[in-house]
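final.cif (mmCIF, C-alpha atoms) appears below.
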```cif
data_start
#
loop_
_atom_site.group_PDB
_atom_site.id
_atom_site.type_symbol
_atom_site.label_atom_id
_atom_site.label_comp_id
_atom_site.auth_asym_id
_atom_site.auth_seq_id
_atom_site.Cartn_x
_atom_site.Cartn_y
_atom_site.Cartn_z
ATOM 1 C CA MET A 292 -2.820 -43.298 -5.394
ATOM 2 C CA LYS A 293 -6.105 -44.713 -6.740
ATOM 3 C CA LYS A 294 -7.882 -43.341 -3.666
ATOM 4 C CA ASP A 295 -6.499 -39.858 -4.335
ATOM 5 C CA ILE A 296 -7.514 -40.064 -8.002
ATOM 6 C CA THR A 297 -11.065 -40.954 -6.982
ATOM 7 C CA LYS A 298 -11.254 -38.076 -4.491
ATOM 8 C CA LYS A 299 -9.910 -35.719 -7.154
ATOM 9 C CA ALA A 300 -12.666 -36.909 -9.515
ATOM 10 C CA PHE A 301 -15.260 -35.863 -6.917
ATOM 11 C CA VAL A 302 -13.483 -32.510 -6.483
ATOM 12 C CA ASP A 303 -13.635 -31.868 -10.238
ATOM 13 C CA ALA A 304 -17.305 -32.865 -10.292
ATOM 14 C CA LEU A 305 -18.128 -30.506 -7.426
ATOM 15 C CA LEU A 306 -16.371 -27.624 -9.192
ATOM 16 C CA LYS A 307 -18.497 -28.222 -12.296
ATOM 17 C CA VAL A 308 -21.747 -28.328 -10.376
ATOM 18 C CA ILE A 309 -20.999 -25.479 -7.995
ATOM 19 C CA GLU A 310 -20.461 -23.013 -10.824
ATOM 20 C CA LYS A 311 -24.243 -22.947 -11.267
ATOM 21 C CA LYS A 312 -25.570 -24.029 -7.862
ATOM 22 C CA ARG A 313 -25.017 -22.833 -4.316
ATOM 23 C CA LEU A 314 -23.422 -25.392 -2.024
ATOM 24 C CA GLY A 315 -26.559 -25.648 0.100
ATOM 25 C CA ASP A 316 -28.636 -26.541 -2.985
ATOM 26 C CA ILE A 317 -26.321 -29.245 -4.344
ATOM 27 C CA ARG A 318 -27.307 -32.901 -3.920
ATOM 28 C CA ILE A 319 -24.953 -35.874 -3.750
ATOM 29 C CA ASP A 320 -26.715 -37.184 -6.875
ATOM 30 C CA ASP A 321 -25.639 -34.021 -8.757
ATOM 31 C CA ILE A 322 -21.994 -34.625 -7.857
ATOM 32 C CA CYS A 323 -22.096 -38.335 -8.684
ATOM 33 C CA SER A 324 -23.764 -37.675 -12.032
ATOM 34 C CA ALA A 325 -21.084 -35.141 -12.922
ATOM 35 C CA CYS A 326 -18.259 -37.654 -12.441
ATOM 36 C CA GLY A 327 -20.002 -40.943 -13.221
ATOM 37 C CA LEU A 328 -19.254 -42.495 -9.824
ATOM 38 C CA SER A 329 -21.705 -44.075 -7.393
ATOM 39 C CA LYS A 330 -23.074 -42.692 -4.135
ATOM 40 C CA LYS A 331 -21.561 -45.722 -2.403
ATOM 41 C CA THR A 332 -18.138 -44.630 -3.644
ATOM 42 C CA PHE A 333 -18.843 -41.070 -2.567
ATOM 43 C CA TYR A 334 -19.708 -42.063 0.995
ATOM 44 C CA TYR A 335 -16.652 -44.309 1.165
ATOM 45 C CA HIS A 336 -14.486 -41.196 0.770
ATOM 46 C CA PHE A 337 -16.601 -38.387 2.268
ATOM 47 C CA LYS A 338 -19.128 -37.994 5.083
ATOM 48 C CA ASP A 339 -21.283 -35.489 3.157
ATOM 49 C CA LYS A 340 -21.102 -32.683 0.597
ATOM 50 C CA TYR A 341 -19.586 -30.315 3.162
ATOM 51 C CA ASP A 342 -16.786 -32.767 3.838
ATOM 52 C CA LEU A 343 -16.110 -32.878 0.081
ATOM 53 C CA ALA A 344 -16.343 -29.082 -0.224
ATOM 54 C CA THR A 345 -13.812 -28.576 2.578
ATOM 55 C CA TYR A 346 -11.495 -31.179 1.052
ATOM 56 C CA ALA A 347 -11.857 -29.429 -2.314
ATOM 57 C CA TYR A 348 -11.107 -25.990 -0.867
ATOM 58 C CA ASP A 349 -8.079 -27.281 1.031
ATOM 59 C CA TYR A 350 -6.889 -29.188 -2.038
ATOM 60 C CA LEU A 351 -7.139 -26.134 -4.301
ATOM 61 C CA GLU A 352 -5.443 -23.696 -1.924
ATOM 62 C CA THR A 353 -2.740 -26.230 -1.059
ATOM 63 C CA GLU A 354 -2.050 -26.717 -4.763
ATOM 64 C CA ASN A 355 -1.981 -22.950 -5.383
ATOM 65 C CA LEU A 356 0.353 -22.223 -2.466
ATOM 66 C CA GLU A 357 2.642 -25.261 -2.517
ATOM 67 C CA GLU A 358 5.712 -23.071 -3.117
ATOM 68 C CA PHE A 359 4.924 -21.147 0.094
ATOM 69 C CA LEU A 360 3.689 -24.061 2.221
ATOM 70 C CA GLY A 361 6.147 -26.747 1.197
ATOM 71 C CA GLU A 362 5.404 -30.084 -0.441
ATOM 72 C CA GLY A 363 2.873 -32.343 1.238
ATOM 73 C CA LYS A 364 1.470 -29.715 3.617
ATOM 74 C CA SER A 365 -2.215 -28.872 3.973
ATOM 75 C CA PHE A 366 -3.356 -25.254 3.623
ATOM 76 C CA LEU A 367 -5.917 -25.535 6.438
ATOM 77 C CA GLU A 368 -3.549 -27.377 8.771
ATOM 78 C CA GLU A 369 -0.803 -24.818 8.186
ATOM 79 C CA THR A 370 -3.325 -22.028 8.747
ATOM 80 C CA LYS A 371 -4.078 -23.477 12.197
ATOM 81 C CA LYS A 372 -0.365 -23.358 12.980
ATOM 82 C CA GLY A 373 -0.113 -19.712 11.963
ATOM 83 C CA ASN A 374 1.921 -20.454 8.842
ATOM 84 C CA THR A 375 -0.143 -18.985 5.995
ATOM 85 C CA VAL A 376 -1.306 -15.774 4.386
ATOM 86 C CA LEU A 377 -2.149 -13.096 6.992
ATOM 87 C CA ASN A 378 -0.315 -15.023 9.685
ATOM 88 C CA LYS A 379 2.828 -13.991 7.849
ATOM 89 C CA VAL A 380 4.074 -10.472 8.377
ATOM 90 C CA GLY A 381 4.880 -7.912 5.687
ATOM 91 C CA ASN A 382 5.437 -8.479 1.974
ATOM 92 C CA GLU A 383 5.244 -12.267 2.188
ATOM 93 C CA SER A 384 1.554 -11.964 3.059
ATOM 94 C CA VAL A 385 0.970 -9.717 0.042
ATOM 95 C CA ASP A 386 2.844 -12.098 -2.249
ATOM 96 C CA MET A 387 0.744 -15.026 -1.043
ATOM 97 C CA LEU A 388 -2.534 -13.140 -1.429
ATOM 98 C CA ILE A 389 -1.642 -12.062 -4.967
ATOM 99 C CA ARG A 390 -0.591 -15.609 -5.831
ATOM 100 C CA MET A 391 -3.828 -17.076 -4.448
ATOM 101 C CA SER A 392 -5.940 -14.587 -6.365
ATOM 102 C CA GLU A 393 -4.083 -14.955 -9.669
ATOM 103 C CA LEU A 394 -4.167 -18.735 -9.663
ATOM 104 C CA TRP A 395 -7.745 -19.012 -8.445
ATOM 105 C CA TYR A 396 -9.277 -16.671 -11.023
ATOM 106 C CA ARG A 397 -7.084 -18.051 -13.789
ATOM 107 C CA LYS A 398 -8.370 -21.580 -13.177
ATOM 108 C CA TYR A 399 -11.986 -21.079 -12.123
ATOM 109 C CA PRO A 400 -14.896 -18.733 -12.861
ATOM 110 C CA PRO A 401 -15.459 -16.246 -9.995
ATOM 111 C CA GLN A 402 -18.813 -17.809 -9.099
ATOM 112 C CA VAL A 403 -17.076 -21.060 -8.143
ATOM 113 C CA GLY A 404 -15.271 -19.381 -5.267
ATOM 114 C CA VAL A 405 -18.387 -17.511 -4.156
ATOM 115 C CA ASN A 406 -20.569 -20.633 -4.120
ATOM 116 C CA LEU A 407 -17.894 -22.822 -2.556
ATOM 117 C CA LEU A 408 -17.101 -20.484 0.314
ATOM 118 C CA PHE A 409 -19.949 -18.051 0.875
ATOM 119 C CA SER A 410 -23.193 -19.795 -0.108
ATOM 120 C CA SER A 411 -23.693 -21.850 3.055
ATOM 121 C CA LYS A 412 -23.309 -21.266 6.788
ATOM 122 C CA ASP A 413 -23.522 -24.915 7.818
ATOM 123 C CA SER A 414 -21.108 -25.566 10.696
ATOM 124 C CA ASN A 415 -19.156 -27.979 8.488
ATOM 125 C CA CYS A 416 -18.971 -25.833 5.342
ATOM 126 C CA PRO A 417 -15.531 -24.688 4.080
ATOM 127 C CA ASP A 418 -15.977 -21.062 5.158
ATOM 128 C CA MET A 419 -16.784 -21.960 8.758
ATOM 129 C CA LEU A 420 -13.917 -24.464 9.008
ATOM 130 C CA ARG A 421 -11.553 -21.949 7.411
ATOM 131 C CA HIS A 422 -12.662 -19.394 10.009
ATOM 132 C CA LYS A 423 -11.885 -21.853 12.822
ATOM 133 C CA ALA A 424 -8.455 -22.552 11.323
ATOM 134 C CA GLU A 425 -7.736 -18.846 10.977
ATOM 135 C CA MET A 426 -8.800 -18.219 14.590
ATOM 136 C CA GLU A 427 -6.271 -20.801 15.759
ATOM 137 C CA GLY A 428 -3.605 -19.304 13.503
ATOM 138 C CA ARG A 429 -4.181 -15.782 14.815
ATOM 139 C CA LYS A 430 -3.858 -17.051 18.389
ATOM 140 C CA VAL A 431 -0.540 -18.690 17.535
ATOM 141 C CA LEU A 432 0.687 -15.430 16.027
ATOM 142 C CA LEU A 433 -0.561 -13.383 18.996
ATOM 143 C CA ARG A 434 1.114 -15.698 21.517
ATOM 144 C CA ASP A 435 4.388 -15.465 19.619
ATOM 145 C CA ARG A 436 4.282 -11.678 19.461
ATOM 146 C CA LEU A 437 3.261 -11.392 23.124
ATOM 147 C CA GLU A 438 6.084 -13.666 24.207
ATOM 148 C CA LYS A 439 8.617 -11.597 22.262
ATOM 149 C CA SER A 440 7.219 -8.443 23.875
ATOM 150 C CA TYR A 441 7.283 -10.008 27.366
ATOM 151 C CA ARG A 442 3.528 -9.721 27.690
ATOM 152 C CA VAL A 443 0.661 -12.059 28.506
ATOM 153 C CA MET A 444 -3.049 -11.915 27.679
ATOM 154 C CA LYS A 445 -6.125 -13.357 29.365
ATOM 155 C CA PRO A 446 -7.838 -16.143 27.333
ATOM 156 C CA GLU A 447 -11.042 -14.139 26.833
ATOM 157 C CA ILE A 448 -9.075 -11.148 25.513
ATOM 158 C CA MET A 449 -7.073 -13.473 23.255
ATOM 159 C CA GLU A 450 -10.350 -14.779 21.825
ATOM 160 C CA LEU A 451 -11.584 -11.238 21.177
ATOM 161 C CA ALA A 452 -8.279 -10.213 19.580
ATOM 162 C CA ALA A 453 -8.177 -13.240 17.272
ATOM 163 C CA SER A 454 -11.824 -12.710 16.329
ATOM 164 C CA SER A 455 -11.241 -9.068 15.392
ATOM 165 C CA LEU A 456 -8.293 -10.017 13.178
ATOM 166 C CA CYS A 457 -10.391 -12.673 11.450
ATOM 167 C CA HIS A 458 -13.350 -10.336 10.928
ATOM 168 C CA LEU A 459 -11.080 -7.753 9.336
ATOM 169 C CA ALA A 460 -9.884 -10.379 6.869
ATOM 170 C CA GLU A 461 -13.444 -11.598 6.229
ATOM 171 C CA PHE A 462 -14.514 -8.065 5.325
ATOM 172 C CA TYR A 463 -11.994 -8.105 2.485
ATOM 173 C CA TYR A 464 -12.606 -11.742 1.486
ATOM 174 C CA GLN A 465 -16.302 -11.008 0.959
ATOM 175 C CA ARG A 466 -15.493 -7.942 -1.147
ATOM 176 C CA TRP A 467 -13.124 -10.010 -3.263
ATOM 177 C CA GLY A 468 -15.712 -12.666 -4.035
ATOM 178 C CA LEU A 469 -16.068 -11.626 -7.680
ATOM 179 C CA GLY A 470 -12.713 -9.931 -8.229
ATOM 180 C CA THR A 471 -9.843 -8.241 -6.436
ATOM 181 C CA LYS A 472 -7.793 -5.072 -6.619
ATOM 182 C CA GLU A 473 -4.077 -5.488 -5.951
ATOM 183 C CA GLU A 474 -3.839 -2.363 -3.803
ATOM 184 C CA GLU A 475 -6.380 -3.912 -1.429
ATOM 185 C CA PHE A 476 -3.949 -6.740 -0.679
ATOM 186 C CA PHE A 477 -1.497 -4.177 0.690
ATOM 187 C CA GLU A 478 -4.345 -2.432 2.500
ATOM 188 C CA LEU A 479 -5.464 -5.622 4.244
ATOM 189 C CA VAL A 480 -1.936 -6.579 5.304
ATOM 190 C CA PHE A 481 -1.276 -3.033 6.573
ATOM 191 C CA TYR A 482 -4.439 -2.904 8.694
ATOM 192 C CA SER A 483 -3.934 -6.490 9.922
ATOM 193 C CA ASN A 484 -0.450 -5.629 11.180
ATOM 194 C CA ARG A 485 -1.680 -2.401 12.793
ATOM 195 C CA LEU A 486 -4.495 -4.277 14.545
ATOM 196 C CA LEU A 487 -2.058 -6.969 15.664
ATOM 197 C CA ASP A 488 0.248 -4.287 17.122
ATOM 198 C CA PHE A 489 -2.720 -2.782 18.967
ATOM 199 C CA TRP A 490 -3.651 -6.097 20.604
ATOM 200 C CA VAL A 491 -0.072 -6.887 21.583
ATOM 201 C CA GLU A 492 0.043 -3.532 23.384
ATOM 202 C CA GLN A 493 -3.057 -4.555 25.359
ATOM 203 C CA GLY A 494 -1.159 -7.484 26.850
ATOM 204 C CA GLU A 495 -0.023 -7.259 30.456
ATOM 205 C CA GLU A 496 3.696 -6.707 30.865
ATOM 206 C CA ILE A 497 5.665 -9.342 32.778
ATOM 207 C CA LEU A 498 9.015 -9.020 34.511
ATOM 208 C CA LYS A 499 11.974 -9.845 32.274
#
```
What would you get if you wrote out this structure as structure tokens?
Amino acid sequence: MKKDITKKAFVDALLKVIEKKRLGDIRIDDICSACGLSKKTFYYHFKDKYDLATYAYDYLETENLEEFLGEGKSFLEETKKGNTVLNKVGNESVDMLIRMSELWYRKYPPQVGVNLLFSSKDSNCPDMLRHKAEMEGRKVLLRDRLEKSYRVMKPEIMELAASSLCHLAEFYYQRWGLGTKEEEFFELVFYSNRLLDFWVEQGEEILK
């Protein structure tokens, strides 16, 4: 428990600092000063600031979506399994998106989300790791839908299909950086499902 409390202290410190600084510009000293803990303690818990930022993002989204994910489950890990947000089909996706948006903007200034997710393209930053998790989740969803449709898909086509689904979502995520419109949640889910249907139809039919 003490370990979790310490990690949470670093999360809170990062959220304070990142409101005014981009992730790429933040130093470990800034984070430690904000929470009054040492760099030695920081490196005991995290490899670097990107490791902390990813932990913070996962922590926040897991907390926001606990009622959807179930107790004790990680947002990023469930995303990899195809169990969150746009990997759901229909109204459940919309409900989750609305819930994420409401809770996030109620708790934190908009710039926190922008700087946490979109201010660095380091391979270990939260946005890149989220993208990797979402790619895996889309592949899980595609395989499930293909199997139910008695179709198969070549690995390279699967990669392209998953990538297109992720890029569609990213287009909306970037637009929502400083605020969202509820009708766009429905729009994103609608187009995601249409695109998913398109890719399933590209699969090669197999004998039943």
Computed interatomic separation between atom CA of A:Ala300 and atom CA of A:Arg421 (Å):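 Pair atom CA of A:Ala300 / atom CA of A:Arg421 returns 22.6 Å.
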Spatial neighbours of stretch 452-455 of chain A, 6 Å, only C-alpha atoms, chain gap at least 4 places, as a list in words: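 The residues satisfying every condition are Met426, Arg429 and Lys430 of chain A.
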Neighbours of point (-17.6, -29.6, -0.5) within 8 Å, using all atoms listed in the file, written as a ChimeraX atom specification: /A:302,305,314,339-348,407,416-417
A:Lys299 environment, 12 Å, all atoms listed in the file, sequence neighbours closer than 2 positions dropped, as a list in words: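 Contacts, with the query itself left out: Met292, Lys293, Lys294, Asp295, Ile296, Thr297, Phe301, Val302, Asp303, Ala304, Leu305, Leu306, Cys326, Leu328, Phe333, His336, Phe337, Leu343, Ala344, Tyr346, Ala347, Tyr348, Asp349, Tyr350 and Leu351 of chain A.
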Evaluate the PyMOL selection byres ((chain A and resi 392) around 12) and report residues as a PDB file with C-alpha atoms, in the coordinates of the input:
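Output saved as out-v3.pdb:
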```pdb
ATOM      1  CA  LEU A 351      -7.139 -26.134  -4.301  1.00  0.00           C
ATOM      2  CA  GLU A 352      -5.443 -23.696  -1.924  1.00  0.00           C
ATOM      3  CA  ASN A 355      -1.981 -22.950  -5.383  1.00  0.00           C
ATOM      4  CA  LEU A 356       0.353 -22.223  -2.466  1.00  0.00           C
ATOM      5  CA  VAL A 376      -1.306 -15.774   4.386  1.00  0.00           C
ATOM      6  CA  VAL A 385       0.970  -9.717   0.042  1.00  0.00           C
ATOM      7  CA  ASP A 386       2.844 -12.098  -2.249  1.00  0.00           C
ATOM      8  CA  MET A 387       0.744 -15.026  -1.043  1.00  0.00           C
ATOM      9  CA  LEU A 388      -2.534 -13.140  -1.429  1.00  0.00           C
ATOM     10  CA  ILE A 389      -1.642 -12.062  -4.967  1.00  0.00           C
ATOM     11  CA  ARG A 390      -0.591 -15.609  -5.831  1.00  0.00           C
ATOM     12  CA  MET A 391      -3.828 -17.076  -4.448  1.00  0.00           C
ATOM     13  CA  GLU A 393      -4.083 -14.955  -9.669  1.00  0.00           C
ATOM     14  CA  LEU A 394      -4.167 -18.735  -9.663  1.00  0.00           C
ATOM     15  CA  TRP A 395      -7.745 -19.012  -8.445  1.00  0.00           C
ATOM     16  CA  TYR A 396      -9.277 -16.671 -11.023  1.00  0.00           C
ATOM     17  CA  ARG A 397      -7.084 -18.051 -13.789  1.00  0.00           C
ATOM     18  CA  LYS A 398      -8.370 -21.580 -13.177  1.00  0.00           C
ATOM     19  CA  TYR A 399     -11.986 -21.079 -12.123  1.00  0.00           C
ATOM     20  CA  PRO A 400     -14.896 -18.733 -12.861  1.00  0.00           C
ATOM     21  CA  PRO A 401     -15.459 -16.246  -9.995  1.00  0.00           C
ATOM     22  CA  GLY A 404     -15.271 -19.381  -5.267  1.00  0.00           C
ATOM     23  CA  TYR A 464     -12.606 -11.742   1.486  1.00  0.00           C
ATOM     24  CA  TRP A 467     -13.124 -10.010  -3.263  1.00  0.00           C
ATOM     25  CA  GLY A 468     -15.712 -12.666  -4.035  1.00  0.00           C
ATOM     26  CA  LEU A 469     -16.068 -11.626  -7.680  1.00  0.00           C
ATOM     27  CA  GLY A 470     -12.713  -9.931  -8.229  1.00  0.00           C
ATOM     28  CA  THR A 471      -9.843  -8.241  -6.436  1.00  0.00           C
ATOM     29  CA  LYS A 472      -7.793  -5.072  -6.619  1.00  0.00           C
ATOM     30  CA  GLU A 473      -4.077  -5.488  -5.951  1.00  0.00           C
ATOM     31  CA  GLU A 475      -6.380  -3.912  -1.429  1.00  0.00           C
ATOM     32  CA  PHE A 476      -3.949  -6.740  -0.679  1.00  0.00           C
TER      33      PHE A 476
END
```
Separation of atom CA of A:Leu437 from atom CA of A:Ser483, in Å and rounded to one decimal: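 So the two atoms, atom CA of A:Leu437 and atom CA of A:Ser483, lie 15.8 Å apart.
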Given all atoms listed in the file as the counted atoms, nearest of A:Leu433, A:Leu456, A:Val491, A:Val405 to A:Asp418: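 Using all atoms listed in the file, the shortest distance to A:Asp418 belongs to A:Val405.
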Atomic distance atom CA of A:Ser414 - atom CA of A:Ser365, expressed in Å with one decimal: 20.3 Å
